>>> print(open('model-v5.tsv').read())   # TSV, C-alpha atoms and all ligand atoms
chain	number	residue	atom	x	y	z
A	258	MET	CA	-47.03	11.63	23.42
A	259	LEU	CA	-49.60	9.70	25.52
A	260	ASN	CA	-51.95	12.69	25.36
A	261	GLY	CA	-51.95	12.75	21.58
A	262	LEU	CA	-49.51	12.14	18.78
A	263	PRO	CA	-47.49	15.26	17.87
A	264	GLY	CA	-47.33	16.21	14.20
A	265	SER	CA	-43.70	15.13	14.00
A	266	SER	CA	-44.76	11.54	14.73
A	267	ALA	CA	-47.91	11.51	12.60
A	268	SER	CA	-46.32	9.26	9.97
A	269	GLN	CA	-45.86	6.58	12.63
A	270	GLU	CA	-49.56	6.47	13.49
A	271	THR	CA	-49.90	3.01	11.89
A	272	ASN	CA	-47.52	1.73	14.57
A	273	LEU	CA	-49.17	3.61	17.40
A	274	LEU	CA	-49.04	0.65	19.77
A	275	THR	CA	-45.23	0.48	19.55
A	276	LEU	CA	-45.04	4.20	20.40
A	277	VAL	CA	-47.22	3.52	23.44
A	278	TYR	CA	-44.88	0.65	24.40
A	279	PHE	CA	-41.85	2.96	24.16
A	280	CYS	CA	-43.55	5.69	26.22
A	281	VAL	CA	-44.98	3.41	28.91
A	282	GLY	CA	-41.75	1.39	29.10
A	283	GLY	CA	-39.64	4.54	29.36
A	284	LEU	CA	-41.81	6.08	32.09
A	285	GLU	CA	-41.64	2.80	34.01
A	286	LEU	CA	-37.83	2.59	33.78
A	287	ILE	CA	-37.33	6.17	34.97
A	288	ASP	CA	-39.73	5.34	37.81
A	289	ALA	CA	-42.35	7.90	36.79
A	290	SER	CA	-45.08	5.61	38.04
A	291	ASP	CA	-47.27	8.56	39.11
A	292	ALA	CA	-47.55	9.65	35.51
A	293	LEU	CA	-48.56	6.12	34.51
A	294	LYS	CA	-50.97	5.63	37.41
A	295	LYS	CA	-53.15	8.47	36.14
A	296	ARG	CA	-53.65	6.80	32.81
A	297	ARG	CA	-53.26	3.16	33.73
A	298	ARG	CA	-56.89	2.11	33.19
A	299	ASP	CA	-57.25	4.12	29.96
A	300	LEU	CA	-54.02	2.71	28.58
A	301	ILE	CA	-54.98	-0.87	29.37
A	302	ASP	CA	-58.40	-0.35	27.75
A	303	PHE	CA	-56.71	1.20	24.72
A	304	VAL	CA	-54.36	-1.76	24.27
A	305	TYR	CA	-57.24	-4.24	24.55
A	306	SER	CA	-59.24	-2.21	22.00
A	307	LEU	CA	-56.55	-3.20	19.48
A	308	GLN	CA	-56.90	-6.91	20.11
A	309	SER	CA	-58.27	-9.00	17.25
A	310	HIS	CA	-61.30	-11.15	17.97
A	311	GLY	CA	-61.18	-12.90	14.62
A	312	GLU	CA	-59.92	-16.33	13.63
A	313	ILE	CA	-56.35	-15.09	13.77
A	314	GLY	CA	-55.70	-13.31	17.06
A	315	GLY	CA	-53.04	-10.88	18.21
A	316	PHE	CA	-53.01	-7.10	18.13
A	317	PHE	CA	-53.36	-4.37	15.53
A	318	GLY	CA	-51.07	-1.36	15.53
A	319	ASN	CA	-53.76	1.32	15.46
A	320	LEU	CA	-57.48	1.90	15.87
A	321	ASN	CA	-58.13	2.31	12.17
A	322	ASP	CA	-56.95	-1.22	11.33
A	323	ALA	CA	-58.75	-2.67	14.36
A	324	THR	CA	-62.04	-0.97	13.47
A	325	GLN	CA	-61.89	-1.82	9.77
A	326	ASN	CA	-61.18	-5.42	10.61
A	327	ARG	CA	-64.08	-5.63	13.01
A	328	CYS	CA	-66.42	-4.43	10.26
A	329	ARG	CA	-65.23	-7.27	8.04
A	330	GLU	CA	-65.38	-10.13	10.48
A	331	ASN	CA	-67.96	-11.92	8.34
A	332	GLN	CA	-65.63	-11.62	5.32
A	333	PRO	CA	-62.41	-13.26	6.54
A	334	GLU	CA	-60.97	-13.26	3.03
A	335	VAL	CA	-60.61	-9.46	3.10
A	336	CYS	CA	-59.72	-9.06	6.77
A	337	ILE	CA	-56.66	-7.04	7.63
A	338	GLY	CA	-54.05	-9.09	9.39
A	339	THR	CA	-52.74	-8.43	12.86
A	340	ASN	CA	-49.04	-7.76	13.23
A	341	ILE	CA	-46.64	-9.84	15.30
A	342	ALA	CA	-44.63	-6.80	16.43
A	343	MET	CA	-47.86	-5.20	17.67
A	344	THR	CA	-48.75	-8.35	19.62
A	345	PHE	CA	-45.34	-8.11	21.28
A	346	ALA	CA	-45.82	-4.38	22.02
A	347	GLY	CA	-49.34	-4.97	23.34
A	348	LEU	CA	-48.34	-7.77	25.72
A	349	ALA	CA	-45.23	-5.92	26.93
A	350	THR	CA	-47.28	-2.77	27.58
A	351	LEU	CA	-49.99	-4.69	29.46
A	352	LEU	CA	-47.38	-6.35	31.68
A	353	THR	CA	-45.66	-3.05	32.37
A	354	LEU	CA	-49.02	-1.59	33.43
A	355	GLY	CA	-49.52	-4.48	35.85
A	356	ASP	CA	-52.39	-6.09	33.92
A	357	ASP	CA	-53.02	-9.77	34.73
A	358	LEU	CA	-53.45	-10.77	31.03
A	359	THR	CA	-56.71	-12.58	31.79
A	360	SER	CA	-58.43	-10.77	28.88
A	361	ILE	CA	-55.95	-11.77	26.19
A	362	ASP	CA	-57.06	-14.31	23.60
A	363	ARG	CA	-54.26	-16.86	24.07
A	364	HIS	CA	-55.66	-19.29	21.54
A	365	GLY	CA	-55.99	-16.54	18.94
A	366	ILE	CA	-52.40	-15.46	19.56
A	367	VAL	CA	-51.20	-19.04	19.13
A	368	ARG	CA	-53.08	-19.16	15.80
A	369	GLN	CA	-51.46	-15.87	14.79
A	370	LEU	CA	-48.01	-17.35	15.41
A	371	MET	CA	-48.91	-20.54	13.51
A	372	ALA	CA	-50.10	-18.47	10.58
A	373	LEU	CA	-46.92	-16.42	10.40
A	374	GLN	CA	-44.14	-19.03	10.67
A	375	THR	CA	-42.51	-19.91	7.36
A	376	ALA	CA	-41.28	-23.35	6.28
A	377	GLU	CA	-37.65	-22.33	6.94
A	378	GLY	CA	-38.52	-21.44	10.56
A	379	SER	CA	-38.54	-17.64	10.38
A	380	PHE	CA	-41.65	-15.49	10.83
A	381	CYS	CA	-43.56	-13.02	8.69
A	382	GLY	CA	-44.57	-9.74	10.31
A	383	ALA	CA	-48.20	-9.65	9.34
A	384	VAL	CA	-50.93	-11.74	7.83
A	385	PRO	CA	-51.19	-10.18	4.38
A	386	LEU	CA	-54.28	-8.50	3.01
A	387	LYS	CA	-56.56	-10.87	1.13
A	388	SER	CA	-54.41	-13.82	2.09
A	389	LYS	CA	-55.73	-17.18	1.12
A	390	MET	CA	-55.33	-18.47	4.62
A	391	ASP	CA	-55.74	-22.16	5.09
A	392	VAL	CA	-57.93	-21.83	8.14
A	393	GLU	CA	-57.79	-25.57	8.76
A	394	SER	CA	-54.02	-25.68	9.27
A	395	GLY	CA	-53.69	-22.05	10.35
A	396	ARG	CA	-50.69	-21.71	8.03
A	397	LEU	CA	-50.17	-19.31	5.20
A	398	PRO	CA	-49.76	-20.74	1.71
A	399	LEU	CA	-46.07	-21.05	0.89
A	400	ASP	CA	-46.36	-20.49	-2.83
A	401	GLY	CA	-45.53	-16.81	-2.97
A	402	GLU	CA	-49.06	-15.61	-2.18
A	403	ARG	CA	-47.79	-13.95	0.98
A	404	THR	CA	-44.93	-12.01	-0.57
A	405	ASN	CA	-46.20	-8.68	0.74
A	406	SER	CA	-44.86	-9.51	4.20
A	407	GLU	CA	-41.17	-9.74	5.04
A	408	ALA	CA	-39.90	-12.71	7.04
A	409	ASP	CA	-36.78	-12.29	9.16
A	410	MET	CA	-35.11	-12.32	12.59
A	411	ARG	CA	-37.10	-9.37	14.00
A	412	PHE	CA	-40.28	-11.39	13.89
A	413	VAL	CA	-38.55	-14.51	15.22
A	414	PHE	CA	-37.72	-12.47	18.33
A	415	CYS	CA	-41.34	-11.29	18.60
A	416	ALA	CA	-42.61	-14.89	18.33
A	417	ALA	CA	-40.22	-16.01	21.09
A	418	VAL	CA	-41.18	-13.21	23.49
A	419	ILE	CA	-44.89	-13.69	22.82
A	420	SER	CA	-44.68	-17.46	23.42
A	421	PHE	CA	-42.68	-16.85	26.60
A	422	ILE	CA	-45.19	-14.30	27.91
A	423	ILE	CA	-48.29	-16.40	27.19
A	424	ARG	CA	-46.39	-19.46	28.42
A	425	ASP	CA	-47.43	-21.42	25.39
A	426	TRP	CA	-45.07	-22.42	22.56
A	427	SER	CA	-47.62	-24.51	20.66
A	428	GLY	CA	-47.86	-21.83	17.94
A	429	VAL	CA	-44.18	-22.22	17.11
A	430	ASN	CA	-42.17	-24.97	15.45
A	431	VAL	CA	-39.21	-24.47	17.81
A	432	HIS	CA	-37.02	-26.94	15.92
A	433	THR	CA	-37.13	-25.00	12.62
A	434	MET	CA	-37.02	-21.68	14.46
A	435	GLN	CA	-33.72	-22.64	16.13
A	436	LYS	CA	-32.31	-23.92	12.83
A	437	PHE	CA	-33.25	-20.64	11.14
A	438	ILE	CA	-31.56	-18.60	13.89
A	439	TRP	CA	-28.34	-20.60	13.70
A	440	SER	CA	-28.37	-20.43	9.90
A	441	CYS	CA	-28.10	-16.64	10.32
A	442	ARG	CA	-24.86	-16.75	12.33
A	443	SER	CA	-22.34	-15.08	10.04
A	444	TYR	CA	-18.59	-15.57	9.76
A	445	GLU	CA	-18.20	-12.32	11.74
A	446	GLY	CA	-19.68	-13.89	14.88
A	447	GLY	CA	-22.94	-11.94	15.01
A	448	PHE	CA	-26.31	-12.76	13.46
A	449	SER	CA	-28.04	-11.40	10.36
A	450	GLN	CA	-31.68	-10.75	9.50
A	451	VAL	CA	-31.77	-13.60	6.99
A	452	SER	CA	-29.38	-16.40	6.11
A	453	GLY	CA	-26.23	-15.33	4.32
A	454	ALA	CA	-26.46	-11.62	5.08
A	455	GLU	CA	-24.17	-9.32	7.11
A	456	SER	CA	-24.23	-9.39	10.92
A	457	HIS	CA	-26.28	-6.54	12.34
A	458	GLY	CA	-26.72	-5.24	15.90
A	459	GLY	CA	-30.52	-5.41	15.79
A	460	SER	CA	-30.73	-8.92	14.34
A	461	THR	CA	-27.95	-10.11	16.66
A	462	TYR	CA	-30.03	-8.92	19.60
A	463	CYS	CA	-33.17	-10.58	18.21
A	464	ALA	CA	-31.34	-13.88	17.64
A	465	VAL	CA	-29.59	-14.01	21.02
A	466	ALA	CA	-32.72	-12.96	22.94
A	467	ALA	CA	-34.81	-15.60	21.15
A	468	LEU	CA	-32.20	-18.30	21.92
A	469	TYR	CA	-32.10	-17.09	25.53
A	470	LEU	CA	-35.91	-17.36	25.87
A	471	ILE	CA	-35.95	-20.80	24.23
A	472	PHE	CA	-33.23	-21.93	26.66
A	473	LEU	CA	-35.15	-20.52	29.63
A	474	SER	CA	-38.47	-22.01	28.48
A	475	LYS	CA	-36.89	-25.41	27.91
A	476	ASN	CA	-35.58	-25.34	31.48
A	477	LEU	CA	-39.07	-24.41	32.69
A	478	GLY	CA	-40.47	-27.45	30.85
A	479	LEU	CA	-42.45	-25.28	28.40
A	480	ILE	CA	-40.70	-26.67	25.30
A	481	GLN	CA	-40.55	-30.38	24.51
A	482	ASN	CA	-39.46	-30.60	20.90
A	483	SER	CA	-36.30	-28.75	20.11
A	484	CYS	CA	-33.21	-29.22	17.97
A	485	GLU	CA	-30.58	-31.02	20.06
A	486	HIS	CA	-27.64	-29.75	18.05
A	487	CYS	CA	-29.00	-26.19	18.30
A	488	ASP	CA	-29.47	-26.59	22.06
A	489	ARG	CA	-25.79	-27.55	22.41
A	490	MET	CA	-24.77	-24.48	20.38
A	491	THR	CA	-27.00	-22.31	22.58
A	492	THR	CA	-25.48	-23.56	25.85
A	493	ALA	CA	-22.03	-22.81	24.36
A	494	LEU	CA	-23.22	-19.36	23.31
A	495	PHE	CA	-24.16	-18.51	26.88
A	496	GLY	CA	-20.98	-20.11	28.26
A	497	LEU	CA	-22.96	-22.88	29.98
A	498	GLY	CA	-21.93	-25.92	27.94
A	499	ALA	CA	-19.89	-28.80	29.28
A	500	ASP	CA	-16.43	-29.24	27.77
A	501	GLY	CA	-16.64	-30.68	24.28
A	502	ASP	CA	-20.36	-29.91	23.83
A	503	ALA	CA	-19.80	-27.19	21.27
A	504	PRO	CA	-16.87	-24.93	20.47
A	505	ASN	CA	-16.21	-21.98	22.79
A	506	TYR	CA	-15.38	-19.74	19.85
A	507	ILE	CA	-19.12	-19.29	19.23
A	508	ARG	CA	-19.37	-17.20	22.38
A	509	ASP	CA	-15.95	-15.58	22.00
A	510	GLU	CA	-16.63	-14.42	18.44
A	511	LEU	CA	-20.04	-13.03	19.36
A	512	ILE	CA	-18.61	-11.06	22.29
A	513	ALA	CA	-15.69	-9.78	20.21
A	514	TRP	CA	-18.03	-8.67	17.41
A	515	CYS	CA	-20.20	-6.79	19.94
A	516	LEU	CA	-17.25	-5.16	21.70
A	517	PHE	CA	-15.84	-3.95	18.36
A	518	ARG	CA	-19.11	-2.05	17.90
A	519	GLN	CA	-18.13	0.42	20.62
A	520	GLY	CA	-16.45	3.71	19.81
A	521	ARG	CA	-18.01	5.81	22.51
A	522	GLY	CA	-21.53	4.63	21.82
A	523	PHE	CA	-22.19	1.45	19.87
A	524	ASN	CA	-22.82	1.16	16.14
A	525	GLY	CA	-24.88	-1.56	14.51
A	526	ARG	CA	-22.34	-2.68	11.89
A	527	PRO	CA	-18.70	-1.96	11.01
A	528	ASN	CA	-18.11	1.47	9.45
A	529	LYS	CA	-21.48	2.82	10.56
A	530	PRO	CA	-21.90	5.82	12.90
A	531	GLU	CA	-22.63	5.18	16.55
A	532	ASP	CA	-26.34	5.28	17.27
A	533	SER	CA	-28.02	5.52	20.69
A	534	CYS	CA	-30.44	2.61	20.12
A	535	TYR	CA	-27.54	0.13	20.08
A	536	THR	CA	-26.92	1.06	23.72
A	537	PHE	CA	-29.66	-1.48	24.28
A	538	TRP	CA	-29.34	-3.86	21.29
A	539	ILE	CA	-25.61	-4.51	21.73
A	540	GLY	CA	-25.56	-3.92	25.50
A	541	ALA	CA	-28.30	-6.50	26.10
A	542	VAL	CA	-26.40	-9.13	24.07
A	543	LEU	CA	-23.32	-8.53	26.22
A	544	LYS	CA	-25.51	-8.74	29.32
A	545	MET	CA	-27.07	-12.06	28.25
A	546	THR	CA	-23.65	-13.52	27.44
A	547	ASN	CA	-22.23	-12.31	30.75
A	548	ALA	CA	-19.68	-10.00	29.14
A	549	TYR	CA	-21.00	-6.55	30.04
A	550	GLU	CA	-17.97	-5.92	32.24
A	551	PHE	CA	-15.91	-5.29	29.08
A	552	VAL	CA	-18.03	-2.28	28.06
A	553	SER	CA	-16.47	1.13	28.59
A	554	GLU	CA	-19.33	2.57	30.64
A	555	ASP	CA	-17.91	6.10	30.88
A	556	LEU	CA	-17.62	6.48	27.11
A	557	LEU	CA	-21.07	4.99	26.52
A	558	GLU	CA	-22.66	7.29	29.09
A	559	GLU	CA	-20.89	10.32	27.59
A	560	PHE	CA	-22.20	9.49	24.11
A	561	CYS	CA	-25.77	8.87	25.32
A	562	MET	CA	-25.91	12.14	27.24
A	563	GLU	CA	-24.82	14.02	24.11
A	564	THR	CA	-27.80	12.60	22.21
A	565	GLN	CA	-30.25	14.30	24.57
A	566	ASP	CA	-32.62	16.70	22.85
A	567	GLY	CA	-32.25	19.97	24.76
A	568	ILE	CA	-35.48	21.40	23.35
A	569	ILE	CA	-38.17	18.74	23.57
A	570	GLY	CA	-36.34	16.29	25.84
A	571	GLY	CA	-35.66	12.61	25.27
A	572	PHE	CA	-32.78	11.01	23.42
A	573	ALA	CA	-32.04	11.15	19.71
A	574	LYS	CA	-30.29	8.73	17.38
A	575	TRP	CA	-27.23	10.98	17.11
A	576	PRO	CA	-25.93	14.04	18.98
A	577	GLY	CA	-27.55	17.20	17.63
A	578	SER	CA	-30.55	15.48	16.07
A	579	ARG	CA	-34.18	15.32	17.14
A	580	SER	CA	-35.35	12.83	19.75
A	581	ASP	CA	-37.94	10.17	18.95
A	582	PRO	CA	-39.76	7.60	21.12
A	583	LEU	CA	-37.77	4.61	19.85
A	584	HIS	CA	-34.35	6.09	20.52
A	585	ALA	CA	-35.47	7.68	23.80
A	586	TYR	CA	-36.74	4.34	25.10
A	587	LEU	CA	-33.82	2.25	23.86
A	588	THR	CA	-31.28	4.70	25.28
A	589	ILE	CA	-33.03	4.58	28.66
A	590	SER	CA	-33.30	0.78	28.60
A	591	GLY	CA	-29.67	0.63	27.40
A	592	LEU	CA	-28.50	2.85	30.25
A	593	SER	CA	-30.46	0.72	32.70
A	594	LEU	CA	-28.05	-2.13	31.82
A	595	LEU	CA	-25.28	-0.06	33.42
A	596	PRO	CA	-24.91	-1.12	37.05
A	597	ARG	CA	-24.29	2.50	38.11
A	598	TYR	CA	-27.80	3.57	37.10
A	599	VAL	CA	-29.85	0.83	38.61
A	600	PHE	CA	-31.65	0.96	41.89
A	601	VAL	CA	-33.30	-2.13	43.27
A	602	GLU	CA	-37.04	-2.09	42.80
A	603	ASN	CA	-38.85	-5.37	42.68
A	604	SER	CA	-42.53	-4.68	42.31
A	605	LEU	CA	-44.76	-2.67	40.05
A	606	ASP	CA	-46.23	0.24	41.95
A	607	PHE	CA	-49.86	0.44	40.91
A	608	GLU	CA	-51.50	-0.66	44.13
A	609	ASP	CA	-53.38	2.47	45.19
A	610	GLY	CA	-54.15	3.88	41.74
A	611	ASN	CA	-53.92	7.39	43.23
A	612	THR	CA	-54.66	9.93	40.52
A	613	ASP	CA	-54.10	13.07	42.60
A	614	GLU	CA	-50.32	12.83	42.54
A	615	LYS	CA	-48.43	15.63	40.93
A	616	GLU	CA	-47.18	14.84	37.48
A	617	ASP	CA	-43.69	16.27	37.66
A	618	ILE	CA	-41.52	13.77	35.90
A	619	SER	CA	-38.55	16.06	35.32
A	620	LEU	CA	-35.31	14.37	36.21
A	621	ASN	CA	-32.26	15.44	38.09
A	622	PHE	CA	-29.47	13.84	36.14
A	623	ASP	CA	-27.06	14.03	39.06
A	624	GLU	CA	-29.29	11.61	40.91
A	625	TRP	CA	-30.65	9.75	37.94
A	626	LYS	CA	-31.58	6.18	38.79
A	627	LEU	CA	-33.37	3.66	36.65
A	628	LYS	CA	-35.20	0.41	37.16
A	629	ALA	CA	-33.35	-2.57	35.75
A	630	VAL	CA	-34.47	-3.90	32.37
A	631	HIS	CA	-34.84	-7.59	31.47
A	632	PRO	CA	-32.31	-7.98	28.64
A	633	ALA	CA	-34.22	-10.64	26.68
A	634	LEU	CA	-37.78	-9.34	27.07
A	635	ASN	CA	-37.01	-5.60	26.95
A	636	ILE	CA	-39.44	-4.83	29.77
A	637	SER	CA	-38.57	-3.64	33.28
A	638	MET	CA	-37.48	-6.24	35.83
A	639	PRO	CA	-40.55	-5.39	37.98
A	640	ALA	CA	-42.75	-6.14	34.93
A	641	PHE	CA	-40.88	-9.44	34.44
A	642	LEU	CA	-41.35	-10.32	38.12
A	643	HIS	CA	-45.05	-9.46	37.75
A	644	LEU	CA	-45.18	-11.95	34.84
A	645	SER	CA	-43.50	-14.54	37.05
A	646	THR	CA	-46.20	-14.13	39.68
A	647	LEU	CA	-48.86	-14.67	36.98
A	648	PHE	CA	-47.02	-17.92	36.09
A	649	ARG	CA	-47.06	-19.05	39.69
A	650	ALA	CA	-50.75	-18.21	40.12
A	651	ALA	CA	-51.70	-20.12	36.93
B	1	ZN	ZN	-31.02	3.69	15.98
>>> encode(input="model-v5.tsv", output="structure tokens")
Amino acid sequence: MLNGLPGSSASQETNLLTLVYFCVGGLELIDASDALKKRRRDLIDFVYSLQSHGEIGGFFGNLNDATQNRCRENQPEVCIGTNIAMTFAGLATLLTLGDDLTSIDRHGIVRQLMALQTAEGSFCGAVPLKSKMDVESGRLPLDGERTNSEADMRFVFCAAVISFIIRDWSGVNVHTMQKFIWSCRSYEGGFSQVSGAESHGGSTYCAVAALYLIFLSKNLGLIQNSCEHCDRMTTALFGLGADGDAPNYIRDELIAWCLFRQGRGFNGRPNKPEDSCYTFWIGAVLKMTNAYEFVSEDLLEEFCMETQDGIIGGFAKWPGSRSDPLHAYLTISGLSLLPRYVFVENSLDFEDGNTDEKEDISLNFDEWKLKAVHPALNISMPAFLHLSTLFRAA
């Protein structure tokens, strides 16, 4: 995949950067650092080649968009917008490759976040084509001009991770973001993509991870203005509130909803088939809420192993179907939440940059061990620790 996109994935070329994130992240978690070392410099250069240098920063998903945009830099009204999910994928990939992030345009990324947040607190995915951006305020017009971009919980998660990674929340109105997230808590106990919709495994992950990162950032002194009521709900959600702060059922109902998703693998909603990607989405929520011990690990492992693609390798959505980068990565990161798979490895291993190593990354499943994954950031723990050292050095 890193050598060139196979025909079966050609339709995903517009999101090339996310495919790179899945591949690099997966190789890192299975500890195939030799395979990454060979391409480390090229991959870092590639990610940076997708960075926008225009008024609105962030990353593009593919070279075509990046190049077209560069040609139009003197015509901002027809510039193609960067995408918030690509900015997340770009930053996560750079961290996983051990980059020090000194070449990212922090200010441009902050302006990207400002441009994409809606009045209700959620985020759009991309700055729309030909948007009438109010460059002064950095905000999109809220009169329906931007209707070609969806706004929902996925992009709220991206905004939270991005702000956490760049250690700057000034692009986000945290108060309205928190209110939006809590407005999406459904009667079932999980969270939906938008207010009033059905709880969903993916949006529940996005909501809980965003709340987790807001909580962490507030404790680090990175967030000053937040919603006090929402903060009390969040401490209850993670089981950290003092008695009487907020009702315990918030956490109990979330955990129950997640646990009811498990048959062998997890599904994303009631009456849906189990799907390997929820190994991470649901598993990480249970990890963040300190309830992973209630997962039936044997059944989950059995299901995941059945989704392996015996022909081209990797993991598929369902047993007997074809593997793809998203499901392969999320199954690996989901399995790395299982204590039985994890070996302790604290640092990224890119020191010597040796390119002569053999590139045998075949795995012996009897001895399969994985690096731990950070449940809220969805990057390896060594990549998270690398980010922490950048914080300390700053
Ligand atoms: Zn899936």
>>> closest_residue(input="model-v5.tsv", among="A:Asp532, A:Glu559, A:Glu377, A:Glu550", to="ligand ZN 1 (chain B)", atoms="all atoms listed in the file")
A:Asp532
>>> axis_aligned_box(input="model-v5.tsv", around="stretch 449-460 of chain A", padding_each_side="6 Å", output="JSON")
{"center_x": -28.0, "center_y": -10.8, "center_z": 10.1, "size_x": 19.6, "size_y": 23.2, "size_z": 23.6}
>>> residues_around(input="model-v5.tsv", residues="A:Gly525", least_positions_apart="5", cutoff="7 Å", atoms="only C-alpha atoms", output="PDB file with C-alpha atoms, in the coordinates of the input")
ATOM      1  CA  HIS A 457     -26.280  -6.540  12.340  1.00  0.00           C
ATOM      2  CA  GLY A 458     -26.720  -5.240  15.900  1.00  0.00           C
ATOM      3  CA  GLY A 459     -30.520  -5.410  15.790  1.00  0.00           C
ATOM      4  CA  ARG A 518     -19.110  -2.050  17.900  1.00  0.00           C
ATOM      5  CA  TYR A 535     -27.540   0.130  20.080  1.00  0.00           C
TER       6      TYR A 535
END
>>> closest_atom_pairs(input="model-v5.tsv", of="chain A", to="ligand ZN 1 (chain B)", cutoff="8 Å", atoms="only C-alpha atoms and all ligand atoms", output="CSV")
residue,atom,partner,partner_atom,distance
A:Asp532,CA,B:ZN1,ZN,5.1
A:Ser533,CA,B:ZN1,ZN,5.9
A:Cys534,CA,B:ZN1,ZN,4.3
A:Tyr535,CA,B:ZN1,ZN,6.4
A:Lys574,CA,B:ZN1,ZN,5.3
A:Leu583,CA,B:ZN1,ZN,7.8
A:His584,CA,B:ZN1,ZN,6.1
>>> residues_near_point(input="model-v5.tsv", point="(-28.4, 13.1, 20.0)", cutoff="12 Å", atoms="all atoms listed in the file", output="MDAnalysis selection string")
chainID A and resid 522 531:534 559:581 584:585 588
>>> closest_residue(input="model-v5.tsv", among="A:Leu477, A:Leu293, A:Leu348, A:Ala376", to="A:Asn260", atoms="all atoms listed in the file")
A:Leu293
>>> closest_residue(input="model-v5.tsv", among="A:Ser593, A:Ser306, A:Ser449, A:Gln374", to="A:Thr461", atoms="all atoms listed in the file")
A:Ser449
>>> atom_distance(input="model-v5.tsv", atom1="atom CA of A:Leu262", atom2="atom CA of A:Val277")
10.1 Å
>>> residues_around(input="model-v5.tsv", residues="A:Asn272", least_positions_apart="3", cutoff="7 Å", atoms="only C-alpha atoms", output="list in words")
Gln269, Thr275, Leu276, Gly318 and Asn319 of chain A
>>> atom_distance(input="model-v5.tsv", atom1="atom CA of A:Gly520", atom2="atom CA of A:Thr491")
28.2 Å
>>> residues_around(input="model-v5.tsv", residues="A:Ile419", least_positions_apart="2", cutoff="8 Å", atoms="all atoms listed in the file", output="ChimeraX atom specification")
/A:344-345,348,415-417,421-423
>>> atom_distance(input="model-v5.tsv", atom1="atom CA of A:Gln481", atom2="atom CA of A:Val542")
25.5 Å
>>> closest_residue(input="model-v5.tsv", among="A:Phe495, A:Phe380, A:Phe523, A:Tyr586", to="A:Val281", atoms="only C-alpha atoms")
A:Tyr586
>>> closest_residue(input="model-v5.tsv", among="A:Ser379, A:Asn476, A:Asn505, A:Thr324", to="A:Ala464", atoms="only C-alpha atoms")
A:Ser379
>>> closest_residue(input="model-v5.tsv", among="A:Thr271, A:Asp357, A:Met343, A:Ile287", to="A:Asp322", atoms="only C-alpha atoms")
A:Thr271
>>> residues_near_point(input="model-v5.tsv", point="(-28.9, -31.3, 18.6)", cutoff="12 Å", atoms="all atoms listed in the file", output="ChimeraX atom specification")
/A:432-433,435-436,439,482-492,502-503
>>> residues_around(input="model-v5.tsv", residues="A:Glu510", least_positions_apart="6", cutoff="12 Å", atoms="only C-alpha atoms", output="list in words")
Arg442, Ser443, Tyr444, Glu445, Gly446, Gly447, Phe448, Ser456, Ala493, Leu494, Pro504, Leu516, Phe517, Leu543, Thr546 and Ala548 of chain A
>>> write_last_selection(input="model-v5.tsv", atoms="C-alpha atoms", output="CSV table (one decimal), keeping the file's coordinate frame")
chain,number,residue,atom,x,y,z
A,442,ARG,CA,-24.9,-16.8,12.3
A,443,SER,CA,-22.3,-15.1,10.0
A,444,TYR,CA,-18.6,-15.6,9.8
A,445,GLU,CA,-18.2,-12.3,11.7
A,446,GLY,CA,-19.7,-13.9,14.9
A,447,GLY,CA,-22.9,-11.9,15.0
A,448,PHE,CA,-26.3,-12.8,13.5
A,456,SER,CA,-24.2,-9.4,10.9
A,493,ALA,CA,-22.0,-22.8,24.4
A,494,LEU,CA,-23.2,-19.4,23.3
A,504,PRO,CA,-16.9,-24.9,20.5
A,516,LEU,CA,-17.2,-5.2,21.7
A,517,PHE,CA,-15.8,-4.0,18.4
A,543,LEU,CA,-23.3,-8.5,26.2
A,546,THR,CA,-23.6,-13.5,27.4
A,548,ALA,CA,-19.7,-10.0,29.1
>>> residues_around(input="model-v5.tsv", residues="A:Leu307", least_positions_apart="6", cutoff="6 Å", atoms="only C-alpha atoms", output="list in words")
Phe316, Phe317 and Ala323 of chain A
